[in-house]
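The data block below is coords15.cif; it holds mmCIF, C-alpha atoms.
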```
data_run
loop_
_atom_site.label_atom_id
_atom_site.label_comp_id
_atom_site.auth_asym_id
_atom_site.auth_seq_id
_atom_site.Cartn_x
_atom_site.Cartn_y
_atom_site.Cartn_z
CA ASP A 1 -70.32 16.30 55.63
CA ALA A 2 -72.15 13.35 57.15
CA LYS A 3 -70.46 9.98 57.39
CA THR A 4 -72.05 7.18 55.40
CA THR A 5 -71.89 3.45 56.04
CA GLN A 6 -72.44 0.74 53.46
CA PRO A 7 -72.08 -3.03 53.39
CA THR A 8 -68.70 -4.14 52.16
CA SER A 9 -70.02 -6.41 49.44
CA MET A 10 -73.21 -7.72 47.86
CA ASP A 11 -74.16 -10.25 45.22
CA CYS A 12 -76.96 -10.07 42.70
CA ALA A 13 -78.20 -12.39 39.96
CA GLU A 14 -78.25 -11.00 36.46
CA GLY A 15 -81.67 -9.61 35.54
CA ARG A 16 -82.75 -9.17 39.14
CA ALA A 17 -82.99 -5.89 41.03
CA ALA A 18 -79.95 -4.87 43.03
CA ASN A 19 -80.80 -2.93 46.19
CA LEU A 20 -77.80 -1.21 47.76
CA PRO A 21 -78.38 0.31 51.20
CA CYS A 22 -76.64 3.28 52.76
CA ASN A 23 -76.89 4.68 56.26
CA HIS A 24 -76.34 8.40 56.83
CA SER A 25 -77.87 8.86 60.27
CA THR A 26 -76.06 12.17 60.94
CA ILE A 27 -77.09 13.81 57.69
CA SER A 28 -78.22 17.41 58.03
CA GLY A 29 -81.07 19.12 56.28
CA ASN A 30 -79.05 20.69 53.50
CA GLU A 31 -76.96 17.65 52.63
CA TYR A 32 -77.65 15.76 49.45
CA VAL A 33 -77.08 12.05 48.95
CA TYR A 34 -75.00 11.16 45.89
CA TRP A 35 -74.25 7.80 44.37
CA TYR A 36 -71.24 7.09 42.18
CA ARG A 37 -69.87 3.80 40.94
CA GLN A 38 -66.41 2.72 39.88
CA ILE A 39 -66.01 -0.09 37.42
CA HIS A 40 -62.65 -1.81 37.64
CA SER A 41 -59.75 0.29 36.33
CA GLN A 42 -61.98 3.25 35.46
CA GLY A 43 -62.72 6.57 37.09
CA PRO A 44 -65.92 6.90 39.13
CA GLN A 45 -69.16 7.59 37.31
CA TYR A 46 -72.09 9.62 38.64
CA ILE A 47 -75.34 7.69 39.00
CA ILE A 48 -77.96 9.74 40.82
CA HIS A 49 -78.50 12.16 43.69
CA GLY A 50 -81.36 13.35 45.90
CA LEU A 51 -82.27 15.48 48.89
CA LYS A 52 -85.52 14.16 50.33
CA ASN A 53 -87.69 12.96 47.48
CA ASN A 54 -87.25 9.68 45.68
CA GLU A 55 -85.48 10.06 42.35
CA THR A 56 -85.31 8.01 39.18
CA ASN A 57 -83.23 8.31 36.05
CA GLU A 58 -82.21 6.05 33.22
CA MET A 59 -79.62 4.30 35.35
CA ALA A 60 -81.24 3.79 38.73
CA SER A 61 -83.73 4.80 41.39
CA LEU A 62 -82.94 6.37 44.74
CA ILE A 63 -85.23 5.82 47.68
CA ILE A 64 -84.63 8.08 50.69
CA THR A 65 -86.39 7.37 53.99
CA GLU A 66 -88.65 10.03 55.40
CA ASP A 67 -86.23 10.80 58.25
CA ARG A 68 -83.39 10.90 55.67
CA LYS A 69 -81.19 8.70 57.80
CA SER A 70 -80.84 6.05 55.15
CA SER A 71 -81.30 5.48 51.45
CA THR A 72 -81.32 2.67 48.92
CA LEU A 73 -79.98 2.67 45.40
CA ILE A 74 -81.94 0.36 43.13
CA LEU A 75 -80.64 -1.02 39.85
CA PRO A 76 -83.88 -2.49 38.50
CA HIS A 77 -82.43 -5.11 36.16
CA ALA A 78 -78.79 -5.71 36.99
CA THR A 79 -76.44 -6.79 34.21
CA LEU A 80 -72.91 -8.14 34.36
CA ARG A 81 -71.68 -4.67 33.40
CA ASP A 82 -73.10 -3.31 36.66
CA THR A 83 -70.40 -5.15 38.59
CA ALA A 84 -68.57 -2.30 40.33
CA VAL A 85 -67.90 -0.55 43.62
CA TYR A 86 -70.82 1.70 44.53
CA TYR A 87 -70.20 4.77 46.67
CA CYS A 88 -72.85 6.57 48.70
CA ILE A 89 -71.75 10.13 49.54
CA SER A 90 -73.46 12.89 51.46
CA ARG A 91 -72.37 16.43 50.82
CA SER A 92 -73.45 19.82 51.99
CA GLY A 93 -73.22 23.06 50.12
CA GLY A 94 -70.01 24.98 49.80
CA TYR A 95 -67.06 23.13 48.38
CA ASN A 96 -67.55 20.60 45.65
CA LYS A 97 -65.19 17.92 46.88
CA LEU A 98 -66.61 14.44 47.30
CA ILE A 99 -65.66 12.37 50.34
CA PHE A 100 -65.58 8.75 49.27
CA GLY A 101 -65.90 5.92 51.77
CA ALA A 102 -65.06 2.31 51.12
CA GLY A 103 -68.24 1.68 49.12
CA THR A 104 -70.08 -1.56 48.38
CA ARG A 105 -68.55 -4.03 45.99
CA LEU A 106 -71.46 -5.37 43.92
CA ALA A 107 -70.92 -8.60 42.03
CA VAL A 108 -73.54 -9.45 39.42
CA HIS A 109 -73.41 -13.10 38.42
CA PRO A 110 -75.08 -15.03 35.60
CA GLY B 1 -67.71 14.97 22.97
CA ALA B 2 -64.32 14.49 24.56
CA GLY B 3 -64.20 13.57 28.21
CA VAL B 4 -61.57 14.31 30.81
CA SER B 5 -58.17 13.14 29.66
CA GLN B 6 -55.07 12.49 31.71
CA SER B 7 -51.47 11.86 30.78
CA PRO B 8 -49.45 9.80 31.07
CA SER B 9 -51.66 6.79 31.68
CA ASN B 10 -48.81 5.06 33.47
CA LYS B 11 -45.69 6.47 35.06
CA VAL B 12 -42.89 4.54 36.68
CA THR B 13 -40.28 6.57 38.49
CA GLU B 14 -37.49 6.13 40.95
CA LYS B 15 -37.71 7.27 44.53
CA GLY B 16 -36.54 10.85 44.87
CA LYS B 17 -37.43 11.94 41.35
CA ASP B 18 -40.02 14.59 40.53
CA VAL B 19 -43.10 13.77 38.43
CA GLU B 20 -45.72 15.84 36.66
CA LEU B 21 -49.21 14.56 35.96
CA ARG B 22 -51.46 16.34 33.51
CA CYS B 23 -55.22 16.73 33.36
CA ASP B 24 -57.26 18.13 30.48
CA PRO B 25 -60.79 18.80 31.73
CA ILE B 26 -63.92 18.88 29.63
CA SER B 27 -64.01 22.13 27.67
CA GLY B 28 -65.90 24.82 29.53
CA HIS B 29 -65.78 23.12 32.92
CA THR B 30 -64.68 25.67 35.48
CA ALA B 31 -64.20 23.31 38.41
CA LEU B 32 -61.38 20.77 38.49
CA TYR B 33 -60.45 18.25 41.17
CA TRP B 34 -57.59 15.90 41.89
CA TYR B 35 -58.02 12.69 43.85
CA ARG B 36 -55.81 9.72 44.43
CA GLN B 37 -56.60 6.09 45.01
CA SER B 38 -54.10 3.78 46.61
CA LEU B 39 -54.30 0.07 45.86
CA GLY B 40 -57.56 -1.37 47.18
CA GLN B 41 -58.57 1.90 48.82
CA GLY B 42 -61.26 4.49 48.25
CA LEU B 43 -60.66 7.85 46.65
CA GLU B 44 -58.88 10.53 48.63
CA PHE B 45 -59.47 14.20 47.77
CA LEU B 46 -56.34 16.25 47.10
CA ILE B 47 -57.21 19.68 45.72
CA TYR B 48 -60.02 21.63 44.07
CA PHE B 49 -59.75 24.43 41.52
CA GLN B 50 -62.38 26.97 40.60
CA GLY B 51 -60.98 28.62 37.52
CA ASN B 52 -57.29 29.10 38.18
CA SER B 53 -57.71 29.47 41.94
CA ALA B 54 -57.50 26.65 44.46
CA PRO B 55 -59.86 27.45 47.35
CA ASP B 56 -59.40 23.99 48.85
CA LYS B 57 -55.96 22.42 49.08
CA SER B 58 -56.75 20.58 52.27
CA GLY B 59 -56.12 17.12 50.84
CA LEU B 60 -52.54 17.63 49.68
CA PRO B 61 -50.62 15.19 51.90
CA SER B 62 -47.36 17.15 52.16
CA ASP B 63 -45.52 20.13 50.75
CA ARG B 64 -43.98 17.83 48.16
CA PHE B 65 -47.33 17.97 46.38
CA SER B 66 -48.42 21.01 44.40
CA ALA B 67 -50.82 21.72 41.60
CA GLU B 68 -51.55 24.54 39.25
CA ARG B 69 -54.11 25.34 36.65
CA THR B 70 -53.63 27.77 33.81
CA GLY B 71 -56.11 29.45 31.50
CA GLY B 72 -58.93 27.88 33.43
CA SER B 73 -58.22 24.66 31.63
CA VAL B 74 -55.25 22.29 31.89
CA SER B 75 -53.99 21.35 35.34
CA THR B 76 -50.69 19.85 36.40
CA LEU B 77 -50.11 17.95 39.64
CA THR B 78 -46.46 17.88 40.62
CA ILE B 79 -44.93 15.55 43.16
CA GLN B 80 -41.40 16.37 44.20
CA ARG B 81 -38.92 13.88 45.64
CA THR B 82 -41.33 10.99 45.17
CA GLN B 83 -41.63 8.35 47.86
CA GLN B 84 -42.89 4.79 47.57
CA GLU B 85 -46.05 5.70 49.49
CA ASP B 86 -46.92 8.09 46.65
CA SER B 87 -47.66 5.08 44.43
CA ALA B 88 -51.33 5.26 43.53
CA VAL B 89 -53.76 6.06 40.75
CA TYR B 90 -54.18 9.82 40.45
CA LEU B 91 -57.62 10.79 39.18
CA CYS B 92 -58.74 14.12 37.82
CA ALA B 93 -62.36 15.22 37.55
CA SER B 94 -64.12 18.31 36.25
CA SER B 95 -67.59 19.77 36.59
CA PRO B 96 -69.28 22.53 34.61
CA MET B 97 -69.85 25.13 37.30
CA TRP B 98 -69.83 25.74 40.98
CA ASP B 99 -73.23 24.72 42.27
CA ARG B 100 -73.76 24.17 45.94
CA ASP B 101 -76.63 21.78 45.38
CA PHE B 102 -75.71 19.59 42.45
CA ASN B 103 -72.28 18.39 41.61
CA GLU B 104 -71.76 15.85 38.87
CA GLN B 105 -68.06 15.30 38.55
CA PHE B 106 -66.75 13.74 35.34
CA PHE B 107 -63.68 11.64 35.99
CA GLY B 108 -60.74 10.90 33.77
CA PRO B 109 -59.16 7.44 33.44
CA GLY B 110 -56.38 8.26 35.88
CA THR B 111 -52.60 8.10 35.89
CA ARG B 112 -51.09 5.07 37.58
CA LEU B 113 -47.93 6.18 39.37
CA THR B 114 -45.44 3.60 40.55
CA VAL B 115 -42.47 4.72 42.62
CA LEU B 116 -39.70 2.16 42.79
#
```
The structure in this file should be written as structure tokens.
Amino acid sequence: DAKTTQPTSMDCAEGRAANLPCNHSTISGNEYVYWYRQIHSQGPQYIIHGLKNNETNEMASLIITEDRKSSTLILPHATLRDTAVYYCISRSGGYNKLIFGAGTRLAVHP
Amino acid sequence: GAGVSQSPSNKVTEKGKDVELRCDPISGHTALYWYRQSLGQGLEFLIYFQGNSAPDKSGLPSDRFSAERTGGSVSTLTIQRTQQEDSAVYLCASSPMWDRDFNEQFFGPGTRLTVL
């Protein structure tokens, strides 16, 4: 599975869009990009995933570059409850295990 | 509906003792995973079950760690002769079926293990 790199931390004002980048320059054609988040003292929570097309759901949008070497998770209107560690994970087919990196610690402030 | 549950929520033990951690996955989920998270660290994969079989045990850190799953449901992670470095939050997750393309894992709240 490809290695991903993310900024260690980011800040965002409440109500503004939070754009969290992820680099996965060694991703292969059959690897998906997944995003999970972990709110303090809770287990991780799935947010969204994609292969090559941009994706949107009720929680977030995922923008994947055409060369698939990077992606951005967008929380369109961040709230204080979005304060969490966000993990970008790439995974190929086969086993279902997720390889978590250090993630990005997002702090949403009033 | 009920999510993934884990027990106990907290466990304090003395070095050298054995501990058992329990995971109840979401009903009907065939895949079950164990991870652990040391203080301030990311999640580390331990073992994966598909049904009662464990095709991937690659993350178990030593032979003091073992896990089993019975009836395709409840799983128990056992740590023998606990060491202080075993202190961590142990997280269990389940997913509904093996799917090589999509894998939403539903996580439990974790068991916080402290080895004195």
Do you have the atom CA of Ser61 of chain A-atom CA of His49 of chain A distance handy?
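Those two atoms sit 9.3 Å apart.
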Go through chain A and flag each residue having an atom no more than 9 Å from chain B; for those, report the closest pair of atoms plus their distance in Å to one decimal, using only C-alpha atoms, ordered by chain and rising number, as CSV.
```
residue,atom,partner,partner_atom,distance
A:Asn30,CA,B:Asp101,CA,8.5
A:Glu31,CA,B:Asp101,CA,8.4
A:Tyr32,CA,B:Asp101,CA,7.3
A:Tyr34,CA,B:Asn103,CA,8.8
A:Ser41,CA,B:Pro109,CA,7.7
A:Gln42,CA,B:Pro109,CA,5.4
A:Gly43,CA,B:Pro109,CA,5.2
A:Pro44,CA,B:Phe107,CA,6.1
A:Gln45,CA,B:Phe106,CA,6.9
A:Tyr46,CA,B:Glu104,CA,6.2
A:Ile47,CA,B:Glu104,CA,8.9
A:Ile48,CA,B:Glu104,CA,8.9
A:His49,CA,B:Phe102,CA,8.0
A:Arg91,CA,B:Asp101,CA,8.7
A:Ser92,CA,B:Arg100,CA,7.5
A:Gly93,CA,B:Arg100,CA,4.4
A:Gly94,CA,B:Arg100,CA,5.4
A:Tyr95,CA,B:Arg100,CA,7.2
A:Asn96,CA,B:Asn103,CA,6.6
A:Lys97,CA,B:Phe45,CA,6.9
A:Leu98,CA,B:Phe45,CA,7.2
A:Ile99,CA,B:Phe45,CA,6.9
A:Phe100,CA,B:Leu43,CA,5.6
A:Gly101,CA,B:Gly42,CA,6.0
A:Ala102,CA,B:Gly42,CA,5.2
A:Gly103,CA,B:Gly42,CA,7.6
```
Would you translate the PyMOL selection byres ((chain A and resi 23) around 10) into the concrete set of residues it matches in this file, as a PyMOL selection string?
chain A and resi 2-7+21-22+24-27+68-72+88
Could you jot down the atom CA of His77 of chain A to atom CA of Gln37 of chain B separation for me, Å, one decimal place?
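Atom CA of Gln37 of chain B lies 29.5 Å from atom CA of His77 of chain A.
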Given the file above and the PyMOL selection byres ((chain B and resi 21) around 6), which residues are selected, and can you give them as a VMD selection string?
chain B and resid 20 22 76 to 77
What is the atom CA of Arg64 of chain B to atom CA of Ser5 of chain B distance in Å?
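The value is 23.8 Å.
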For a quick check of understanding, using only C-alpha atoms, which of A:Ile89, A:Val33, A:Leu80, A:Ile74 has the smallest distance to Ala107 of chain A?
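Of A:Ile89, A:Val33, A:Leu80, A:Ile74, the one nearest Ala107 of chain A, counting only C-alpha atoms, is A:Leu80.
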Residue members of the PyMOL selection byres ((chain A and resi 18) around 10) in the file shown, as a ChimeraX atom specification:
/A:10-17,19-21,60,72-79,82,106-108
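Using only C-alpha atoms, the smallest distance between any of B:Ser58, B:Asn10, B:Thr30, B:Ser38 and Ser75 of chain B comes from B:Thr30.
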Closest of B:Cys23, B:Ile79, B:Leu113, B:Ala67 to Gln6 of chain B - atom-to-atom distances counting all atoms listed in the file:
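For Gln6 of chain B, the nearest of the candidates is B:Cys23.
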Proximity to Pro96 of chain B - best of B:Gly28, B:Gly51, B:Gly71, B:Gly3, only C-alpha atoms
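When distances to Pro96 of chain B are compared using only C-alpha atoms, the smallest one comes from B:Gly28.
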Please write out, as AutoDock Vina command-line options, where the centre of an axis-aligned box around all listed atoms of segment 10-15 of chain A lies and how long its edges are, in Å to one decimal, after adding 8 Å on each side.
```
--center_x -77.4 --center_y -10.1 --center_z 41.7 --size_x 24.5 --size_y 20.7 --size_z 28.3
```
Calculated over only C-alpha atoms, which of the candidates A:Gly50, A:Thr8, A:Ile39, A:Ile63 has the smallest distance to Ser90 of chain A?
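Of A:Gly50, A:Thr8, A:Ile39, A:Ile63, the one nearest Ser90 of chain A, counting only C-alpha atoms, is A:Gly50.
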So that I can see what lies close to Asp18 of chain B, please list as a VMD selection string the residues with an atom at most 12 Å from it, counting all atoms listed in the file and leaving out residues fewer than 6 positions away in the same chain.
chain B and resid 11 to 12 64 to 66 77 to 83 86 113 115
